[in-house]
Amino acid sequence: MDRESKTLLKWYDTSRRILPWREDPTPYHVWLSEIMLQQTRVEAVMEYYRRFLSELPDVEALAAAPEEQYLKLWEGLGYYSRIRNMHKAAVRIMEDYGGSIPSTAAELEKLPGIGHYTAAAIASIAFGQPVSSVDGNLLRVFSRMTLYGTDAKSPQAKKDAEAYFMERMPQDRPGDYNQALMDLGATVCLPNGTPHCEDCPWKDVCQAHASGRELDFPVLPPKAGRAKEQRTVFLISDGTRILLGKRPNKGLLAGLCEFPGTDGALRTDEAGQFVRDLGYDVTGIRKLPKAKHIFSHKEWHMTGYAVNVRSLDGAVPADTTARARLSSVELFPATKAEMETRWSIPSAFSAFLPGALADG
């Protein structure tokens, strides 16, 4: 073990973040945490992690779980393809691996939803395999340590970072080494604003720090602008139930529930007519506060309406033009209790959820 690695691990032993999956790093726990942490902050994951394990404590339970259950447990975390792939992988593990999670990065990468980084993280942390798990935190540390002047998001940068860290990886503590680097990037070598170099165990060997150029690295490509889309969202209720929609199986929020909606920002009179064209007898309509949701590549700017109808049952045949404009491929009523315990509503609609769950 070289001097840099010893210094880093000594820092980690005294300064590491106390996280539940680290206290009991079984393969399933590490896997679940890594999938949850993709594009999600640690603070946001903690309660989701505990709740998920309370209902689906192991691979066998996840593999046997119905879609409604694991999607509901994921509600609010976003990027639902993560949990769908995790479920597919759990089924594969039960069928092809006898219920035991593979112990090598190469085998783990064969499973749905497990890429190179996640496979390396599981293999090193849960099984002690000496493989480097390079994510954005490690790329940032590498770029500043070496004054890496190439696009840090390029495939070559990832290869160079892996080689750099593998050269220094202690064979007896590969998982701790990877987690130490994760903590270093997350708590000291920060992505936005000035890094806390005074607290860094590598400050004496960091080239960016030595030259006072910490903020010049990593070198990143310019961010692409997000497309802005106007949408109208309907909370259609008969007083005891609210209408939900199922989105198409491909595309944004694929296969998830939603409050029915359509493209464009409709006026109140247009919104009322739209719902009538769907086949419902409108008895009242109220405009809701505007809402916005930001995806990685687009923004939804939403106009919402609470629409009261006489009944959600037995609607007259819908106007085909209105139905074609609806973003849902299937409509069904749900009670407040079902929305709280059964149906998962993506965070894109979180601004409208309190109104849907309100009494009366």
# chains A, B, ... in the order shown; residues from 1 in each chain; ligands from 1

$ residues_around --residues "segment 276-286 of chain A" --least-positions-apart "4" --cutoff "10 Å" --atoms "only C-alpha atoms" --output "ChimeraX atom specification"
/A:234-238,268-272,304-324,326

$ residues_around --residues "Gly212 of chain A" --least-positions-apart "4" --cutoff "12 Å" --atoms "only C-alpha atoms" --output "PyMOL selection string"
chain A and resi 144-145+147+194-195+197+203+206-208+216-217

$ write_last_selection --atoms "C-alpha atoms" --output "PDB file, in the first residue's frame"
ATOM      1  CA  ARG A 144      -7.619  17.870  -9.614  1.00  0.00           C
ATOM      2  CA  MET A 145      -4.920  15.512  -8.421  1.00  0.00           C
ATOM      3  CA  LEU A 147      -4.389  18.556 -13.607  1.00  0.00           C
ATOM      4  CA  THR A 194     -14.736  26.136  -3.340  1.00  0.00           C
ATOM      5  CA  PRO A 195     -13.527  22.697  -2.198  1.00  0.00           C
ATOM      6  CA  CYS A 197      -8.846  21.711   0.698  1.00  0.00           C
ATOM      7  CA  LYS A 203      -3.807  18.365  -0.082  1.00  0.00           C
ATOM      8  CA  CYS A 206      -2.799  17.505  -5.174  1.00  0.00           C
ATOM      9  CA  GLN A 207      -1.463  19.356  -8.218  1.00  0.00           C
ATOM     10  CA  ALA A 208      -4.518  21.609  -8.573  1.00  0.00           C
ATOM     11  CA  ASP A 216     -10.267  24.933 -13.143  1.00  0.00           C
ATOM     12  CA  PHE A 217     -10.850  21.197 -12.827  1.00  0.00           C
TER      13      PHE A 217
END

$ select_by_dssp --residues "segment 106-318 of chain A" --states "strand (DSSP E or B)" --output "NGL selection string"
:A and (227-237 or 241-246 or 257-258 or 261-263 or 282-294 or 298-309)

$ write_last_selection --atoms "N, CA and C atoms" --output "short mmCIF file (atom, residue, chain, number, x, y, z; two decimals), in the first residue's frame"
data_model
loop_
_atom_site.label_atom_id
_atom_site.label_comp_id
_atom_site.auth_asym_id
_atom_site.auth_seq_id
_atom_site.Cartn_x
_atom_site.Cartn_y
_atom_site.Cartn_z
N ALA A 227 -35.15 21.58 -23.23
CA ALA A 227 -36.37 21.98 -23.93
C ALA A 227 -37.46 22.28 -22.92
N LYS A 228 -38.25 23.31 -23.17
CA LYS A 228 -39.36 23.69 -22.28
C LYS A 228 -40.68 23.32 -22.93
N GLU A 229 -41.50 22.58 -22.21
CA GLU A 229 -42.78 22.13 -22.74
C GLU A 229 -43.92 22.61 -21.86
N GLN A 230 -44.97 23.13 -22.46
CA GLN A 230 -46.17 23.51 -21.75
C GLN A 230 -47.11 22.31 -21.69
N ARG A 231 -47.68 22.06 -20.50
CA ARG A 231 -48.61 20.95 -20.34
C ARG A 231 -49.78 21.37 -19.47
N THR A 232 -50.91 20.71 -19.68
CA THR A 232 -52.08 20.91 -18.82
C THR A 232 -52.36 19.59 -18.11
N VAL A 233 -52.54 19.66 -16.79
CA VAL A 233 -52.75 18.48 -15.95
C VAL A 233 -54.14 18.57 -15.32
N PHE A 234 -54.88 17.45 -15.31
CA PHE A 234 -56.25 17.43 -14.79
C PHE A 234 -56.34 16.56 -13.54
N LEU A 235 -56.91 17.11 -12.47
CA LEU A 235 -57.30 16.34 -11.30
C LEU A 235 -58.80 16.17 -11.38
N ILE A 236 -59.24 15.07 -11.99
CA ILE A 236 -60.65 14.84 -12.28
C ILE A 236 -61.22 13.94 -11.19
N SER A 237 -62.21 14.46 -10.45
CA SER A 237 -62.73 13.74 -9.28
C SER A 237 -64.26 13.73 -9.26
N ARG A 241 -63.38 9.57 -5.59
CA ARG A 241 -62.24 9.00 -6.31
C ARG A 241 -61.67 10.05 -7.26
N ILE A 242 -60.44 9.79 -7.70
CA ILE A 242 -59.80 10.68 -8.66
C ILE A 242 -59.34 9.84 -9.85
N LEU A 243 -59.34 10.44 -11.01
CA LEU A 243 -58.97 9.71 -12.22
C LEU A 243 -57.45 9.70 -12.39
N LEU A 244 -56.89 8.51 -12.58
CA LEU A 244 -55.48 8.36 -12.86
C LEU A 244 -55.30 7.82 -14.28
N GLY A 245 -54.13 8.05 -14.82
CA GLY A 245 -53.82 7.55 -16.15
C GLY A 245 -52.55 6.72 -16.12
N LYS A 246 -52.43 5.79 -17.06
CA LYS A 246 -51.21 4.99 -17.22
C LYS A 246 -50.50 5.50 -18.46
N CYS A 257 -48.01 5.75 -13.43
CA CYS A 257 -49.28 6.45 -13.26
C CYS A 257 -49.06 7.96 -13.37
N GLU A 258 -50.12 8.67 -13.70
CA GLU A 258 -50.06 10.13 -13.77
C GLU A 258 -51.45 10.69 -13.55
N GLY A 261 -53.15 14.27 -18.60
CA GLY A 261 -52.74 15.58 -19.10
C GLY A 261 -52.63 15.59 -20.60
N THR A 262 -52.33 16.78 -21.11
CA THR A 262 -52.17 16.95 -22.55
C THR A 262 -51.18 18.07 -22.82
N ASP A 263 -50.68 18.13 -24.01
CA ASP A 263 -49.74 19.18 -24.38
C ASP A 263 -50.44 20.53 -24.44
N VAL A 282 -69.02 17.35 -16.52
CA VAL A 282 -68.33 18.30 -15.66
C VAL A 282 -69.34 19.13 -14.86
N THR A 283 -69.16 19.16 -13.53
CA THR A 283 -70.02 19.96 -12.66
C THR A 283 -69.30 21.15 -12.04
N GLY A 284 -67.98 21.24 -12.21
CA GLY A 284 -67.22 22.37 -11.68
C GLY A 284 -65.76 22.26 -12.07
N ILE A 285 -65.11 23.41 -12.17
CA ILE A 285 -63.69 23.40 -12.53
C ILE A 285 -62.99 24.55 -11.84
N ARG A 286 -61.77 24.31 -11.35
CA ARG A 286 -61.01 25.33 -10.63
C ARG A 286 -59.55 25.25 -11.07
N LYS A 287 -59.01 26.41 -11.40
CA LYS A 287 -57.61 26.46 -11.82
C LYS A 287 -56.70 26.34 -10.61
N LEU A 288 -55.64 25.57 -10.76
CA LEU A 288 -54.67 25.35 -9.68
C LEU A 288 -53.41 26.18 -9.93
N PRO A 289 -52.61 26.40 -8.90
CA PRO A 289 -51.35 27.14 -9.11
C PRO A 289 -50.46 26.42 -10.13
N LYS A 290 -49.75 27.20 -10.90
CA LYS A 290 -48.85 26.63 -11.89
C LYS A 290 -47.72 25.85 -11.21
N ALA A 291 -47.17 24.89 -11.92
CA ALA A 291 -46.09 24.07 -11.37
C ALA A 291 -45.06 23.81 -12.46
N LYS A 292 -43.85 23.48 -12.02
CA LYS A 292 -42.76 23.18 -12.95
C LYS A 292 -42.01 21.96 -12.46
N HIS A 293 -41.61 21.14 -13.40
CA HIS A 293 -40.75 20.02 -13.05
C HIS A 293 -39.61 19.94 -14.05
N ILE A 294 -38.39 19.74 -13.53
CA ILE A 294 -37.20 19.70 -14.38
C ILE A 294 -36.69 18.27 -14.49
N LYS A 298 -35.38 18.08 -20.22
CA LYS A 298 -36.49 18.96 -20.55
C LYS A 298 -37.17 19.48 -19.29
N GLU A 299 -37.97 20.51 -19.45
CA GLU A 299 -38.76 21.08 -18.36
C GLU A 299 -40.23 21.01 -18.72
N TRP A 300 -41.04 20.64 -17.74
CA TRP A 300 -42.48 20.74 -17.90
C TRP A 300 -42.97 21.97 -17.15
N HIS A 301 -43.64 22.85 -17.84
CA HIS A 301 -44.31 23.99 -17.22
C HIS A 301 -45.80 23.67 -17.26
N MET A 302 -46.39 23.42 -16.09
CA MET A 302 -47.72 22.82 -16.02
C MET A 302 -48.79 23.77 -15.51
N THR A 303 -49.91 23.76 -16.21
CA THR A 303 -51.13 24.41 -15.78
C THR A 303 -52.06 23.32 -15.29
N GLY A 304 -52.57 23.45 -14.06
CA GLY A 304 -53.40 22.40 -13.49
C GLY A 304 -54.83 22.84 -13.26
N TYR A 305 -55.75 21.88 -13.35
CA TYR A 305 -57.16 22.14 -13.08
C TYR A 305 -57.74 21.03 -12.22
N ALA A 306 -58.45 21.42 -11.16
CA ALA A 306 -59.25 20.47 -10.39
C ALA A 306 -60.63 20.46 -11.03
N VAL A 307 -61.05 19.32 -11.54
CA VAL A 307 -62.31 19.21 -12.28
C VAL A 307 -63.24 18.25 -11.56
N ASN A 308 -64.41 18.74 -11.17
CA ASN A 308 -65.41 17.88 -10.55
C ASN A 308 -66.33 17.33 -11.64
N VAL A 309 -66.60 16.03 -11.56
CA VAL A 309 -67.50 15.40 -12.53
C VAL A 309 -68.57 14.63 -11.77
#

$ closest_residue --among "A:Ile122, A:Ile101, A:Tyr48, A:Leu77" --to "Glu34 of chain A" --atoms "only C-alpha atoms"
A:Ile122

$ residues_around --residues "segment 173-175 of chain A" --least-positions-apart "3" --cutoff "8 Å" --atoms "only C-alpha atoms" --output "short mmCIF file (atom, residue, chain, number, x, y, z; two decimals) with N, CA and C atoms, in the first residue's frame"
data_model
loop_
_atom_site.label_atom_id
_atom_site.label_comp_id
_atom_site.auth_asym_id
_atom_site.auth_seq_id
_atom_site.Cartn_x
_atom_site.Cartn_y
_atom_site.Cartn_z
N ALA A 121 -18.59 -1.24 -7.64
CA ALA A 121 -18.89 -0.85 -6.26
C ALA A 121 -19.35 -2.05 -5.45
N SER A 124 -16.42 -4.66 -4.99
CA SER A 124 -15.35 -4.23 -4.08
C SER A 124 -15.83 -4.11 -2.64
N ILE A 125 -17.02 -3.54 -2.45
CA ILE A 125 -17.51 -3.28 -1.09
C ILE A 125 -18.05 -4.55 -0.44
N ALA A 126 -18.84 -5.33 -1.19
CA ALA A 126 -19.48 -6.50 -0.60
C ALA A 126 -18.63 -7.76 -0.69
N GLY A 128 -15.00 -7.66 -1.67
CA GLY A 128 -13.57 -7.44 -1.53
C GLY A 128 -12.77 -7.60 -2.81
N GLN A 129 -13.43 -7.50 -3.97
CA GLN A 129 -12.71 -7.62 -5.23
C GLN A 129 -11.99 -6.31 -5.53
N PRO A 130 -10.71 -6.33 -5.87
CA PRO A 130 -9.96 -5.09 -6.13
C PRO A 130 -10.26 -4.52 -7.51
N VAL A 131 -11.37 -3.79 -7.61
CA VAL A 131 -11.76 -3.12 -8.85
C VAL A 131 -12.14 -1.69 -8.49
N SER A 132 -11.85 -0.77 -9.38
CA SER A 132 -12.11 0.65 -9.12
C SER A 132 -13.50 1.04 -9.61
N MET A 169 -4.62 1.19 -5.46
CA MET A 169 -5.62 0.49 -4.65
C MET A 169 -4.97 -0.54 -3.73
N PRO A 170 -5.26 -0.48 -2.43
CA PRO A 170 -4.77 -1.50 -1.50
C PRO A 170 -5.54 -2.80 -1.68
N ASN A 178 -12.50 2.57 -2.25
CA ASN A 178 -13.49 3.18 -3.13
C ASN A 178 -14.43 4.10 -2.36
N GLN A 179 -14.87 3.65 -1.19
CA GLN A 179 -15.79 4.47 -0.40
C GLN A 179 -15.10 5.72 0.16
#

$ atom_distance --atom1 "atom CA of Met339 of chain A" --atom2 "atom CA of Leu353 of chain A"
9.5 Å

$ residues_around --residues "Glu43 of chain A" --least-positions-apart "4" --cutoff "12 Å" --atoms "only C-alpha atoms" --output "PyMOL selection string"
chain A and resi 17-20+33+36-37+47-49+77+186

$ write_last_selection --atoms "all heavy atoms" --output "mmCIF file, in the first residue's frame"
data_model
loop_
_atom_site.group_PDB
_atom_site.id
_atom_site.type_symbol
_atom_site.label_atom_id
_atom_site.label_comp_id
_atom_site.auth_asym_id
_atom_site.auth_seq_id
_atom_site.Cartn_x
_atom_site.Cartn_y
_atom_site.Cartn_z
ATOM 1 N N ARG A 17 -18.504 8.923 6.473
ATOM 2 C CA ARG A 17 -19.924 9.099 6.737
ATOM 3 C C ARG A 17 -20.508 7.787 7.278
ATOM 4 O O ARG A 17 -20.205 6.712 6.773
ATOM 5 C CB ARG A 17 -20.663 9.492 5.453
ATOM 6 C CG ARG A 17 -20.318 10.879 4.946
ATOM 7 C CD ARG A 17 -21.018 11.176 3.631
ATOM 8 N NE ARG A 17 -20.506 10.337 2.537
ATOM 9 C CZ ARG A 17 -20.960 10.391 1.283
ATOM 10 N NH1 ARG A 17 -21.946 11.235 0.975
ATOM 11 N NH2 ARG A 17 -20.443 9.613 0.350
ATOM 12 N N ILE A 18 -21.334 7.897 8.298
ATOM 13 C CA ILE A 18 -21.995 6.722 8.856
ATOM 14 C C ILE A 18 -23.294 6.521 8.089
ATOM 15 O O ILE A 18 -24.237 7.303 8.216
ATOM 16 C CB ILE A 18 -22.272 6.889 10.364
ATOM 17 C CG1 ILE A 18 -20.972 7.226 11.100
ATOM 18 C CG2 ILE A 18 -22.915 5.630 10.934
ATOM 19 C CD1 ILE A 18 -19.892 6.170 10.970
ATOM 20 N N LEU A 19 -23.348 5.473 7.275
ATOM 21 C CA LEU A 19 -24.490 5.202 6.419
ATOM 22 C C LEU A 19 -24.981 3.782 6.672
ATOM 23 O O LEU A 19 -24.169 2.877 6.890
ATOM 24 C CB LEU A 19 -24.087 5.365 4.947
ATOM 25 C CG LEU A 19 -23.499 6.739 4.577
ATOM 26 C CD1 LEU A 19 -22.939 6.722 3.160
ATOM 27 C CD2 LEU A 19 -24.561 7.821 4.725
ATOM 28 N N PRO A 20 -26.288 3.556 6.669
ATOM 29 C CA PRO A 20 -26.816 2.241 7.069
ATOM 30 C C PRO A 20 -26.298 1.086 6.231
ATOM 31 O O PRO A 20 -26.056 -0.005 6.758
ATOM 32 C CB PRO A 20 -28.339 2.409 6.915
ATOM 33 C CG PRO A 20 -28.537 3.630 6.077
ATOM 34 C CD PRO A 20 -27.369 4.514 6.349
ATOM 35 N N SER A 33 -28.404 0.254 -2.244
ATOM 36 C CA SER A 33 -27.942 1.618 -1.980
ATOM 37 C C SER A 33 -27.345 2.250 -3.232
ATOM 38 O O SER A 33 -27.588 3.427 -3.530
ATOM 39 C CB SER A 33 -26.936 1.641 -0.830
ATOM 40 O OG SER A 33 -25.718 1.019 -1.186
ATOM 41 N N MET A 36 -30.140 3.207 -5.620
ATOM 42 C CA MET A 36 -30.873 4.371 -5.106
ATOM 43 C C MET A 36 -30.061 5.651 -5.230
ATOM 44 O O MET A 36 -30.610 6.733 -5.474
ATOM 45 C CB MET A 36 -31.260 4.149 -3.641
ATOM 46 C CG MET A 36 -32.424 3.218 -3.436
ATOM 47 S SD MET A 36 -32.961 3.195 -1.695
ATOM 48 C CE MET A 36 -34.569 2.393 -1.854
ATOM 49 N N LEU A 37 -28.749 5.542 -5.067
ATOM 50 C CA LEU A 37 -27.895 6.735 -5.050
ATOM 51 C C LEU A 37 -27.581 7.270 -6.445
ATOM 52 O O LEU A 37 -27.021 8.362 -6.557
ATOM 53 C CB LEU A 37 -26.591 6.422 -4.311
ATOM 54 C CG LEU A 37 -26.712 6.302 -2.792
ATOM 55 C CD1 LEU A 37 -25.454 5.673 -2.200
ATOM 56 C CD2 LEU A 37 -26.979 7.657 -2.152
ATOM 57 N N GLU A 47 -34.169 7.369 4.165
ATOM 58 C CA GLU A 47 -35.466 6.854 4.591
ATOM 59 C C GLU A 47 -36.028 5.874 3.568
ATOM 60 O O GLU A 47 -36.661 4.877 3.933
ATOM 61 C CB GLU A 47 -36.442 8.003 4.830
ATOM 62 C CG GLU A 47 -37.766 7.572 5.455
ATOM 63 C CD GLU A 47 -37.594 6.769 6.743
ATOM 64 O OE1 GLU A 47 -36.698 7.098 7.547
ATOM 65 O OE2 GLU A 47 -38.362 5.798 6.934
ATOM 66 N N TYR A 48 -35.813 6.155 2.289
ATOM 67 C CA TYR A 48 -36.265 5.220 1.256
ATOM 68 C C TYR A 48 -35.597 3.866 1.446
ATOM 69 O O TYR A 48 -36.245 2.821 1.308
ATOM 70 C CB TYR A 48 -35.926 5.757 -0.135
ATOM 71 C CG TYR A 48 -36.882 6.802 -0.645
ATOM 72 C CD1 TYR A 48 -36.581 8.152 -0.539
ATOM 73 C CD2 TYR A 48 -38.085 6.437 -1.239
ATOM 74 C CE1 TYR A 48 -37.454 9.119 -1.011
ATOM 75 C CE2 TYR A 48 -38.957 7.401 -1.729
ATOM 76 C CZ TYR A 48 -38.635 8.739 -1.608
ATOM 77 O OH TYR A 48 -39.502 9.688 -2.080
ATOM 78 N N TYR A 49 -34.325 3.877 1.749
ATOM 79 C CA TYR A 49 -33.559 2.639 1.932
ATOM 80 C C TYR A 49 -34.146 1.815 3.080
ATOM 81 O O TYR A 49 -34.391 0.612 2.942
ATOM 82 C CB TYR A 49 -32.101 2.996 2.209
ATOM 83 C CG TYR A 49 -31.204 1.836 2.554
ATOM 84 C CD1 TYR A 49 -30.643 1.044 1.553
ATOM 85 C CD2 TYR A 49 -30.896 1.535 3.880
ATOM 86 C CE1 TYR A 49 -29.811 -0.027 1.869
ATOM 87 C CE2 TYR A 49 -30.071 0.474 4.205
ATOM 88 C CZ TYR A 49 -29.531 -0.302 3.193
ATOM 89 O OH TYR A 49 -28.705 -1.358 3.514
ATOM 90 N N LEU A 77 -38.422 8.900 -5.702
ATOM 91 C CA LEU A 77 -36.989 8.806 -6.028
ATOM 92 C C LEU A 77 -36.719 9.118 -7.492
ATOM 93 O O LEU A 77 -35.608 9.498 -7.861
ATOM 94 C CB LEU A 77 -36.460 7.404 -5.702
ATOM 95 C CG LEU A 77 -35.996 7.156 -4.271
ATOM 96 C CD1 LEU A 77 -35.607 5.696 -4.092
ATOM 97 C CD2 LEU A 77 -34.831 8.057 -3.903
ATOM 98 N N ALA A 186 -17.471 13.740 -2.196
ATOM 99 C CA ALA A 186 -18.782 14.220 -1.773
ATOM 100 C C ALA A 186 -18.716 15.255 -0.658
ATOM 101 O O ALA A 186 -19.604 16.119 -0.547
ATOM 102 C CB ALA A 186 -19.642 13.039 -1.311
#

$ residues_around --residues "Leu73 of chain A" --least-positions-apart "4" --cutoff "8 Å" --atoms "only C-alpha atoms" --output "PyMOL selection string"
chain A and resi 48+51-52+69

$ write_last_selection --atoms "all heavy atoms" --output "PDB file, in the first residue's frame"
ATOM      1  N   TYR A  48     -35.813   6.155   2.289  1.00  0.00           N
ATOM      2  CA  TYR A  48     -36.265   5.220   1.256  1.00  0.00           C
ATOM      3  C   TYR A  48     -35.597   3.866   1.446  1.00  0.00           C
ATOM      4  O   TYR A  48     -36.245   2.821   1.308  1.00  0.00           O
ATOM      5  CB  TYR A  48     -35.926   5.757  -0.135  1.00  0.00           C
ATOM      6  CG  TYR A  48     -36.882   6.802  -0.645  1.00  0.00           C
ATOM      7  CD1 TYR A  48     -36.581   8.152  -0.539  1.00  0.00           C
ATOM      8  CD2 TYR A  48     -38.085   6.437  -1.239  1.00  0.00           C
ATOM      9  CE1 TYR A  48     -37.454   9.119  -1.011  1.00  0.00           C
ATOM     10  CE2 TYR A  48     -38.957   7.401  -1.729  1.00  0.00           C
ATOM     11  CZ  TYR A  48     -38.635   8.739  -1.608  1.00  0.00           C
ATOM     12  OH  TYR A  48     -39.502   9.688  -2.080  1.00  0.00           O
ATOM     13  N   ARG A  51     -37.169   2.005   4.431  1.00  0.00           N
ATOM     14  CA  ARG A  51     -38.534   1.572   4.140  1.00  0.00           C
ATOM     15  C   ARG A  51     -38.546   0.421   3.147  1.00  0.00           C
ATOM     16  O   ARG A  51     -39.309  -0.535   3.295  1.00  0.00           O
ATOM     17  CB  ARG A  51     -39.343   2.752   3.593  1.00  0.00           C
ATOM     18  CG  ARG A  51     -40.827   2.454   3.415  1.00  0.00           C
ATOM     19  CD  ARG A  51     -41.577   3.655   2.900  1.00  0.00           C
ATOM     20  NE  ARG A  51     -41.166   3.994   1.540  1.00  0.00           N
ATOM     21  CZ  ARG A  51     -41.693   4.984   0.840  1.00  0.00           C
ATOM     22  NH1 ARG A  51     -42.613   5.775   1.383  1.00  0.00           N
ATOM     23  NH2 ARG A  51     -41.285   5.238  -0.382  1.00  0.00           N
ATOM     24  N   PHE A  52     -37.701   0.494   2.129  1.00  0.00           N
ATOM     25  CA  PHE A  52     -37.628  -0.553   1.119  1.00  0.00           C
ATOM     26  C   PHE A  52     -37.239  -1.890   1.755  1.00  0.00           C
ATOM     27  O   PHE A  52     -37.867  -2.923   1.507  1.00  0.00           O
ATOM     28  CB  PHE A  52     -36.619  -0.156   0.038  1.00  0.00           C
ATOM     29  CG  PHE A  52     -36.737  -0.934  -1.239  1.00  0.00           C
ATOM     30  CD1 PHE A  52     -37.423  -0.416  -2.316  1.00  0.00           C
ATOM     31  CD2 PHE A  52     -36.145  -2.184  -1.369  1.00  0.00           C
ATOM     32  CE1 PHE A  52     -37.539  -1.129  -3.506  1.00  0.00           C
ATOM     33  CE2 PHE A  52     -36.244  -2.908  -2.541  1.00  0.00           C
ATOM     34  CZ  PHE A  52     -36.952  -2.380  -3.620  1.00  0.00           C
ATOM     35  N   GLN A  69     -46.022  -2.848  -5.835  1.00  0.00           N
ATOM     36  CA  GLN A  69     -45.354  -2.721  -4.540  1.00  0.00           C
ATOM     37  C   GLN A  69     -44.007  -2.031  -4.670  1.00  0.00           C
ATOM     38  O   GLN A  69     -43.715  -1.064  -3.949  1.00  0.00           O
ATOM     39  CB  GLN A  69     -45.173  -4.089  -3.885  1.00  0.00           C
ATOM     40  CG  GLN A  69     -44.546  -4.000  -2.490  1.00  0.00           C
ATOM     41  CD  GLN A  69     -44.334  -5.375  -1.862  1.00  0.00           C
ATOM     42  OE1 GLN A  69     -44.354  -6.408  -2.546  1.00  0.00           O
ATOM     43  NE2 GLN A  69     -44.128  -5.395  -0.542  1.00  0.00           N
TER      44      GLN A  69
END

$ closest_residue --among "A:Asn192, A:Thr187, A:Gln171, A:Thr335" --to "Gly239 of chain A" --atoms "only C-alpha atoms"
A:Thr335

$ residues_around --residues "segment 108-118 of chain A" --least-positions-apart "5" --cutoff "6 Å" --atoms "only C-alpha atoms" --output "ChimeraX atom specification"
/A:85,89,102,133-134

$ residues_around --residues "Met94 of chain A" --least-positions-apart "5" --cutoff "10 Å" --atoms "only C-alpha atoms" --output "PDB file with all heavy atoms, in the first residue's frame"
ATOM      1  N   VAL A  59     -33.120 -10.493  -1.951  1.00  0.00           N
ATOM      2  CA  VAL A  59     -33.309 -10.707  -3.390  1.00  0.00           C
ATOM      3  C   VAL A  59     -34.573 -11.505  -3.661  1.00  0.00           C
ATOM      4  O   VAL A  59     -35.342 -11.197  -4.588  1.00  0.00           O
ATOM      5  CB  VAL A  59     -32.083 -11.410  -3.998  1.00  0.00           C
ATOM      6  CG1 VAL A  59     -32.343 -11.758  -5.461  1.00  0.00           C
ATOM      7  CG2 VAL A  59     -30.846 -10.545  -3.898  1.00  0.00           C
ATOM      8  N   GLU A  60     -34.802 -12.537  -2.882  1.00  0.00           N
ATOM      9  CA  GLU A  60     -35.980 -13.384  -3.097  1.00  0.00           C
ATOM     10  C   GLU A  60     -37.267 -12.576  -2.969  1.00  0.00           C
ATOM     11  O   GLU A  60     -38.184 -12.723  -3.779  1.00  0.00           O
ATOM     12  CB  GLU A  60     -35.977 -14.538  -2.094  1.00  0.00           C
ATOM     13  CG  GLU A  60     -37.116 -15.515  -2.301  1.00  0.00           C
ATOM     14  CD  GLU A  60     -37.067 -16.693  -1.335  1.00  0.00           C
ATOM     15  OE1 GLU A  60     -36.197 -16.690  -0.439  1.00  0.00           O
ATOM     16  OE2 GLU A  60     -37.891 -17.617  -1.494  1.00  0.00           O
ATOM     17  N   ALA A  63     -37.644 -10.240  -6.025  1.00  0.00           N
ATOM     18  CA  ALA A  63     -37.993 -10.985  -7.234  1.00  0.00           C
ATOM     19  C   ALA A  63     -39.466 -11.371  -7.260  1.00  0.00           C
ATOM     20  O   ALA A  63     -40.090 -11.399  -8.326  1.00  0.00           O
ATOM     21  CB  ALA A  63     -37.122 -12.236  -7.341  1.00  0.00           C
ATOM     22  N   ALA A  64     -40.025 -11.645  -6.088  1.00  0.00           N
ATOM     23  CA  ALA A  64     -41.424 -12.076  -6.006  1.00  0.00           C
ATOM     24  C   ALA A  64     -42.407 -10.914  -5.893  1.00  0.00           C
ATOM     25  O   ALA A  64     -43.621 -11.127  -5.990  1.00  0.00           O
ATOM     26  CB  ALA A  64     -41.594 -13.003  -4.799  1.00  0.00           C
ATOM     27  N   ALA A  89     -33.323  -7.891 -12.542  1.00  0.00           N
ATOM     28  CA  ALA A  89     -32.070  -8.523 -12.133  1.00  0.00           C
ATOM     29  C   ALA A  89     -32.299  -9.506 -10.989  1.00  0.00           C
ATOM     30  O   ALA A  89     -31.681 -10.581 -10.948  1.00  0.00           O
ATOM     31  CB  ALA A  89     -31.055  -7.457 -11.719  1.00  0.00           C
ATOM     32  N   GLY A  99     -30.246 -17.653  -6.438  1.00  0.00           N
ATOM     33  CA  GLY A  99     -30.580 -16.693  -5.391  1.00  0.00           C
ATOM     34  C   GLY A  99     -29.389 -15.975  -4.795  1.00  0.00           C
ATOM     35  O   GLY A  99     -29.566 -15.134  -3.907  1.00  0.00           O
ATOM     36  N   SER A 100     -28.182 -16.283  -5.268  1.00  0.00           N
ATOM     37  CA  SER A 100     -26.972 -15.634  -4.744  1.00  0.00           C
ATOM     38  C   SER A 100     -26.487 -14.567  -5.714  1.00  0.00           C
ATOM     39  O   SER A 100     -26.276 -14.851  -6.905  1.00  0.00           O
ATOM     40  CB  SER A 100     -25.858 -16.664  -4.522  1.00  0.00           C
ATOM     41  OG  SER A 100     -26.235 -17.615  -3.549  1.00  0.00           O
ATOM     42  N   ILE A 101     -26.278 -13.368  -5.224  1.00  0.00           N
ATOM     43  CA  ILE A 101     -25.793 -12.273  -6.061  1.00  0.00           C
ATOM     44  C   ILE A 101     -24.369 -12.591  -6.510  1.00  0.00           C
ATOM     45  O   ILE A 101     -23.523 -12.964  -5.693  1.00  0.00           O
ATOM     46  CB  ILE A 101     -25.831 -10.945  -5.279  1.00  0.00           C
ATOM     47  CG1 ILE A 101     -27.274 -10.574  -4.936  1.00  0.00           C
ATOM     48  CG2 ILE A 101     -25.167  -9.822  -6.074  1.00  0.00           C
ATOM     49  CD1 ILE A 101     -27.415  -9.354  -4.040  1.00  0.00           C
TER      50      ILE A 101
END

$ atom_distance --atom1 "atom CA of Lys153 of chain A" --atom2 "atom CA of Pro218 of chain A"
9.1 Å

$ select_by_dssp --residues "segment 160-345 of chain A" --states "helix (DSSP H, G or I)" --output "VMD selection string"
chain A and resid 160 to 168 174 to 188 197 to 199 207 to 210 214 to 216 268 to 277 320 to 325 336 to 341

$ atom_distance --atom1 "atom CA of Leu220 of chain A" --atom2 "atom CA of Ala123 of chain A"
28.9 Å
